[in-house]
file final-v5.txt (compact mmCIF, N, CA and C atoms)
# COMPACT_ATOMS: atom_id res chain seq x y z
N MET G 1045 112.33 65.45 39.88
CA MET G 1045 112.31 66.87 40.17
C MET G 1045 110.87 67.27 40.43
N SER G 1046 110.64 68.07 41.47
CA SER G 1046 109.29 68.51 41.77
C SER G 1046 108.85 69.59 40.80
N ALA G 1047 107.55 69.76 40.68
CA ALA G 1047 107.02 70.75 39.74
C ALA G 1047 107.44 72.16 40.11
N GLY G 1048 107.61 72.45 41.41
CA GLY G 1048 107.99 73.78 41.85
C GLY G 1048 109.37 74.19 41.39
N ARG G 1049 110.22 73.23 41.13
CA ARG G 1049 111.58 73.55 40.73
C ARG G 1049 111.64 74.00 39.28
N ALA G 1050 110.63 73.67 38.49
CA ALA G 1050 110.65 74.02 37.08
C ALA G 1050 110.14 75.44 36.83
N LEU G 1051 109.63 76.09 37.85
CA LEU G 1051 109.09 77.43 37.68
C LEU G 1051 110.20 78.45 37.49
N PRO G 1052 109.94 79.51 36.76
CA PRO G 1052 110.96 80.54 36.57
C PRO G 1052 111.26 81.27 37.87
N VAL G 1053 112.43 81.88 37.93
CA VAL G 1053 112.85 82.62 39.11
C VAL G 1053 112.12 83.95 39.15
N LYS G 1054 111.58 84.30 40.32
CA LYS G 1054 110.91 85.59 40.48
C LYS G 1054 111.84 86.55 41.21
N ALA G 1055 111.69 87.81 40.94
CA ALA G 1055 112.47 88.83 41.63
C ALA G 1055 112.05 88.87 43.09
N PRO G 1056 112.97 89.14 44.02
CA PRO G 1056 112.60 89.22 45.43
C PRO G 1056 111.63 90.37 45.68
N ALA G 1057 110.76 90.16 46.64
CA ALA G 1057 109.78 91.20 46.99
C ALA G 1057 110.50 92.40 47.60
N GLN G 1058 110.01 93.57 47.32
CA GLN G 1058 110.60 94.79 47.88
C GLN G 1058 110.17 94.92 49.34
N LYS G 1059 111.12 95.22 50.21
CA LYS G 1059 110.82 95.39 51.63
C LYS G 1059 110.39 96.82 51.89
N LYS G 1060 109.44 96.96 52.83
CA LYS G 1060 109.03 98.29 53.25
C LYS G 1060 110.02 98.81 54.29
N ALA G 1061 110.18 100.10 54.33
CA ALA G 1061 111.08 100.70 55.31
C ALA G 1061 110.53 100.45 56.71
N ALA G 1062 111.41 100.06 57.62
CA ALA G 1062 110.99 99.81 59.00
C ALA G 1062 110.83 101.12 59.74
N SER G 1063 109.90 101.13 60.67
CA SER G 1063 109.69 102.33 61.46
C SER G 1063 110.84 102.52 62.44
N VAL G 1064 111.00 103.74 62.94
CA VAL G 1064 112.08 104.04 63.88
C VAL G 1064 111.93 103.19 65.13
N GLY G 1065 110.71 103.00 65.59
CA GLY G 1065 110.47 102.21 66.80
C GLY G 1065 110.92 100.77 66.66
N SER G 1066 110.73 100.18 65.46
CA SER G 1066 111.11 98.78 65.28
C SER G 1066 112.62 98.64 65.10
N GLN G 1067 113.33 99.73 64.79
CA GLN G 1067 114.77 99.67 64.59
C GLN G 1067 115.55 99.85 65.88
N ARG G 1068 114.93 100.34 66.91
CA ARG G 1068 115.65 100.65 68.16
C ARG G 1068 116.27 99.41 68.80
N GLY G 1069 115.59 98.27 68.76
CA GLY G 1069 116.09 97.08 69.42
C GLY G 1069 117.14 96.33 68.61
N ARG G 1070 117.33 96.69 67.37
CA ARG G 1070 118.28 95.98 66.51
C ARG G 1070 119.71 96.41 66.77
N LYS G 1071 120.60 95.48 66.54
CA LYS G 1071 122.02 95.81 66.61
C LYS G 1071 122.53 96.04 65.21
N ARG G 1072 123.47 96.90 65.08
CA ARG G 1072 124.09 97.15 63.78
C ARG G 1072 125.39 96.35 63.71
N PRO G 1073 125.86 96.05 62.51
CA PRO G 1073 127.10 95.29 62.39
C PRO G 1073 128.28 95.96 63.07
N GLY G 1074 128.26 97.28 63.25
CA GLY G 1074 129.36 97.98 63.88
C GLY G 1074 129.42 97.77 65.38
N ASP G 1075 128.46 97.08 65.98
CA ASP G 1075 128.44 96.85 67.42
C ASP G 1075 129.35 95.70 67.83
N GLY G 1076 130.29 95.32 66.97
CA GLY G 1076 131.20 94.23 67.31
C GLY G 1076 130.75 92.89 66.78
N GLU G 1077 129.58 92.84 66.17
CA GLU G 1077 129.08 91.58 65.63
C GLU G 1077 129.08 91.66 64.11
N MET G 1078 129.27 90.52 63.50
CA MET G 1078 129.24 90.47 62.03
C MET G 1078 127.85 90.09 61.57
N MET G 1079 127.49 90.57 60.41
CA MET G 1079 126.22 90.16 59.81
C MET G 1079 126.37 88.71 59.36
N GLU G 1080 125.24 87.99 59.33
CA GLU G 1080 125.29 86.61 58.86
C GLU G 1080 125.58 86.61 57.36
N PRO G 1081 126.31 85.59 56.87
CA PRO G 1081 126.60 85.55 55.44
C PRO G 1081 125.33 85.31 54.63
N VAL G 1082 125.27 85.94 53.49
CA VAL G 1082 124.11 85.79 52.61
C VAL G 1082 124.49 84.79 51.53
N PRO G 1083 123.71 83.70 51.37
CA PRO G 1083 124.06 82.73 50.33
C PRO G 1083 123.86 83.32 48.95
N PRO G 1084 124.57 82.80 47.97
CA PRO G 1084 124.39 83.31 46.60
C PRO G 1084 122.99 82.97 46.10
N PRO G 1085 122.46 83.76 45.19
CA PRO G 1085 121.13 83.46 44.66
C PRO G 1085 121.16 82.20 43.81
N LEU G 1086 120.00 81.57 43.66
CA LEU G 1086 119.89 80.41 42.79
C LEU G 1086 120.11 80.85 41.34
N PRO G 1087 120.70 80.00 40.53
CA PRO G 1087 120.92 80.39 39.13
C PRO G 1087 119.59 80.58 38.41
N SER G 1088 119.54 81.53 37.49
CA SER G 1088 118.31 81.79 36.76
C SER G 1088 118.21 80.92 35.50
N ASP G 1089 119.33 80.37 35.03
CA ASP G 1089 119.31 79.51 33.86
C ASP G 1089 118.65 78.17 34.23
N PRO G 1090 117.60 77.77 33.50
CA PRO G 1090 116.89 76.52 33.85
C PRO G 1090 117.79 75.29 33.83
N THR G 1091 118.77 75.25 32.93
CA THR G 1091 119.67 74.10 32.87
C THR G 1091 120.54 74.04 34.12
N GLU G 1092 121.07 75.18 34.54
CA GLU G 1092 121.90 75.22 35.75
C GLU G 1092 121.07 74.89 36.98
N ARG G 1093 119.84 75.42 37.05
CA ARG G 1093 118.97 75.11 38.18
C ARG G 1093 118.68 73.62 38.26
N ALA G 1094 118.38 72.99 37.10
CA ALA G 1094 118.09 71.56 37.08
C ALA G 1094 119.30 70.76 37.54
N ALA G 1095 120.50 71.15 37.10
CA ALA G 1095 121.72 70.45 37.52
C ALA G 1095 121.95 70.62 39.02
N LEU G 1096 121.70 71.83 39.53
CA LEU G 1096 121.87 72.09 40.96
C LEU G 1096 120.92 71.22 41.79
N PHE G 1097 119.64 71.21 41.42
CA PHE G 1097 118.67 70.43 42.17
C PHE G 1097 118.91 68.93 42.03
N ALA G 1098 119.39 68.48 40.87
CA ALA G 1098 119.72 67.07 40.70
C ALA G 1098 120.88 66.68 41.62
N SER G 1099 121.86 67.58 41.74
CA SER G 1099 123.00 67.32 42.62
C SER G 1099 122.55 67.25 44.09
N ILE G 1100 121.66 68.15 44.47
CA ILE G 1100 121.13 68.13 45.85
C ILE G 1100 120.37 66.83 46.09
N ASP G 1101 119.54 66.43 45.12
CA ASP G 1101 118.77 65.19 45.27
C ASP G 1101 119.69 63.98 45.39
N ARG G 1102 120.80 63.96 44.60
CA ARG G 1102 121.76 62.85 44.71
C ARG G 1102 122.40 62.83 46.09
N GLY G 1103 122.75 64.00 46.61
CA GLY G 1103 123.36 64.06 47.94
C GLY G 1103 122.42 63.58 49.03
N ILE G 1104 121.15 63.96 48.93
CA ILE G 1104 120.16 63.50 49.92
C ILE G 1104 119.99 61.99 49.82
N ALA G 1105 119.92 61.46 48.59
CA ALA G 1105 119.78 60.01 48.41
C ALA G 1105 120.99 59.27 48.98
N ASP G 1106 122.19 59.80 48.77
CA ASP G 1106 123.40 59.19 49.33
C ASP G 1106 123.34 59.16 50.85
N ALA G 1107 122.94 60.26 51.45
CA ALA G 1107 122.87 60.33 52.91
C ALA G 1107 121.82 59.34 53.44
N GLN G 1108 120.68 59.26 52.78
CA GLN G 1108 119.63 58.34 53.23
C GLN G 1108 120.05 56.88 53.07
N ALA G 1109 120.90 56.61 52.07
CA ALA G 1109 121.37 55.25 51.84
C ALA G 1109 122.58 54.90 52.72
N GLY G 1110 123.07 55.87 53.48
CA GLY G 1110 124.20 55.62 54.36
C GLY G 1110 125.55 55.76 53.70
N ARG G 1111 125.58 56.31 52.48
CA ARG G 1111 126.85 56.52 51.78
C ARG G 1111 127.40 57.89 52.20
N THR G 1112 128.07 57.90 53.33
CA THR G 1112 128.60 59.15 53.87
C THR G 1112 130.10 59.01 54.10
N ILE G 1113 130.75 60.15 54.31
CA ILE G 1113 132.19 60.19 54.60
C ILE G 1113 132.33 60.79 56.00
N PRO G 1114 133.15 60.18 56.86
CA PRO G 1114 133.34 60.74 58.20
C PRO G 1114 133.89 62.16 58.13
N TRP G 1115 133.50 62.99 59.10
CA TRP G 1115 133.91 64.39 59.13
C TRP G 1115 135.43 64.53 59.10
N GLU G 1116 136.14 63.68 59.81
CA GLU G 1116 137.59 63.77 59.87
C GLU G 1116 138.20 63.64 58.47
N GLU G 1117 137.63 62.75 57.66
CA GLU G 1117 138.12 62.56 56.29
C GLU G 1117 137.81 63.78 55.42
N VAL G 1118 136.61 64.32 55.56
CA VAL G 1118 136.24 65.52 54.81
C VAL G 1118 137.17 66.68 55.19
N ASP G 1119 137.42 66.85 56.48
CA ASP G 1119 138.29 67.91 56.96
C ASP G 1119 139.71 67.74 56.40
N ARG G 1120 140.22 66.52 56.45
CA ARG G 1120 141.57 66.26 55.95
C ARG G 1120 141.68 66.56 54.46
N LEU G 1121 140.69 66.09 53.67
CA LEU G 1121 140.72 66.32 52.22
C LEU G 1121 140.58 67.80 51.88
N THR G 1122 139.73 68.50 52.61
CA THR G 1122 139.53 69.93 52.36
C THR G 1122 140.79 70.71 52.68
N ARG G 1123 141.41 70.41 53.81
CA ARG G 1123 142.65 71.09 54.19
C ARG G 1123 143.76 70.83 53.18
N GLN G 1124 143.82 69.57 52.71
CA GLN G 1124 144.83 69.20 51.72
C GLN G 1124 144.58 69.97 50.41
N LYS G 1125 143.33 70.04 49.99
CA LYS G 1125 142.99 70.72 48.74
C LYS G 1125 143.31 72.22 48.81
N LEU G 1126 143.04 72.84 49.97
CA LEU G 1126 143.25 74.27 50.12
C LEU G 1126 144.65 74.63 50.61
N GLY G 1127 145.48 73.63 50.85
CA GLY G 1127 146.85 73.90 51.29
C GLY G 1127 146.92 74.39 52.73
N LEU G 1128 145.99 73.96 53.56
CA LEU G 1128 145.98 74.37 54.97
C LEU G 1128 146.70 73.33 55.81
N PRO G 1129 147.22 73.73 56.97
CA PRO G 1129 147.90 72.75 57.83
C PRO G 1129 146.91 71.75 58.42
N PRO G 1130 147.39 70.55 58.75
CA PRO G 1130 146.49 69.55 59.36
C PRO G 1130 145.97 70.03 60.70
N ALA G 1131 144.81 69.56 61.05
CA ALA G 1131 144.18 69.97 62.32
C ALA G 1131 144.86 69.34 63.50
call {"tool": "encode", "arguments": {"input": "final-v5.txt", "output": "structure tokens"}}
result
Amino acid sequence: MSAGRALPVKAPAQKKAASVGSQRGRKRPGDGEMMEPVPPPLPSDPTERAALFASIDRGIADAQAGRTIPWEEVDRLTRQKLGLPPA
């Protein structure tokens, strides 16, 4: 685990209000487009964070070692688990 992962979680920085001029070019979600999904925050509990990062490290090591599952198999297992029809 890298030293940066052991640091406590900091609160997100507060954003300043954007000026009217900078908002003119933006689209709002009501324009027929959806906002991008926001991932859940990282856990603040150090034990949960360590477990999460260890799991990520194991997954990266598996991928680098060539221990992967074909997409078709992942799709089939996921559909089976969620009770969805086959593709």
call {"tool": "axis_aligned_box", "arguments": {"input": "final-v5.txt", "around": "stretch 1104-1108 of chain G", "padding_each_side": "4 Å", "output": "AutoDock Vina command-line options"}}
result
--center_x 121.5 --center_y 60.4 --center_z 50.9 --size_x 11.8 --size_y 15.1 --size_z 13.0
call {"tool": "residues_around", "arguments": {"input": "final-v5.txt", "residues": "stretch 1116-1120 of chain G", "least_positions_apart": "4", "cutoff": "8 Å", "atoms": "all atoms listed in the file", "output": "MDAnalysis selection string"}}
result
chainID G and resid 1124:1126 1130:1131
call {"tool": "atom_distance", "arguments": {"input": "final-v5.txt", "atom1": "atom CA of G:Asp1106", "atom2": "atom CA of G:Pro1081"}}
result
27.2 Å
call {"tool": "atom_distance", "arguments": {"input": "final-v5.txt", "atom1": "atom C of G:Phe1097", "atom2": "atom C of G:Ile1113"}}
result
21.0 Å
call {"tool": "atom_distance", "arguments": {"input": "final-v5.txt", "atom1": "atom CA of G:Trp1115", "atom2": "atom C of G:Gly1103"}}
result
15.3 Å
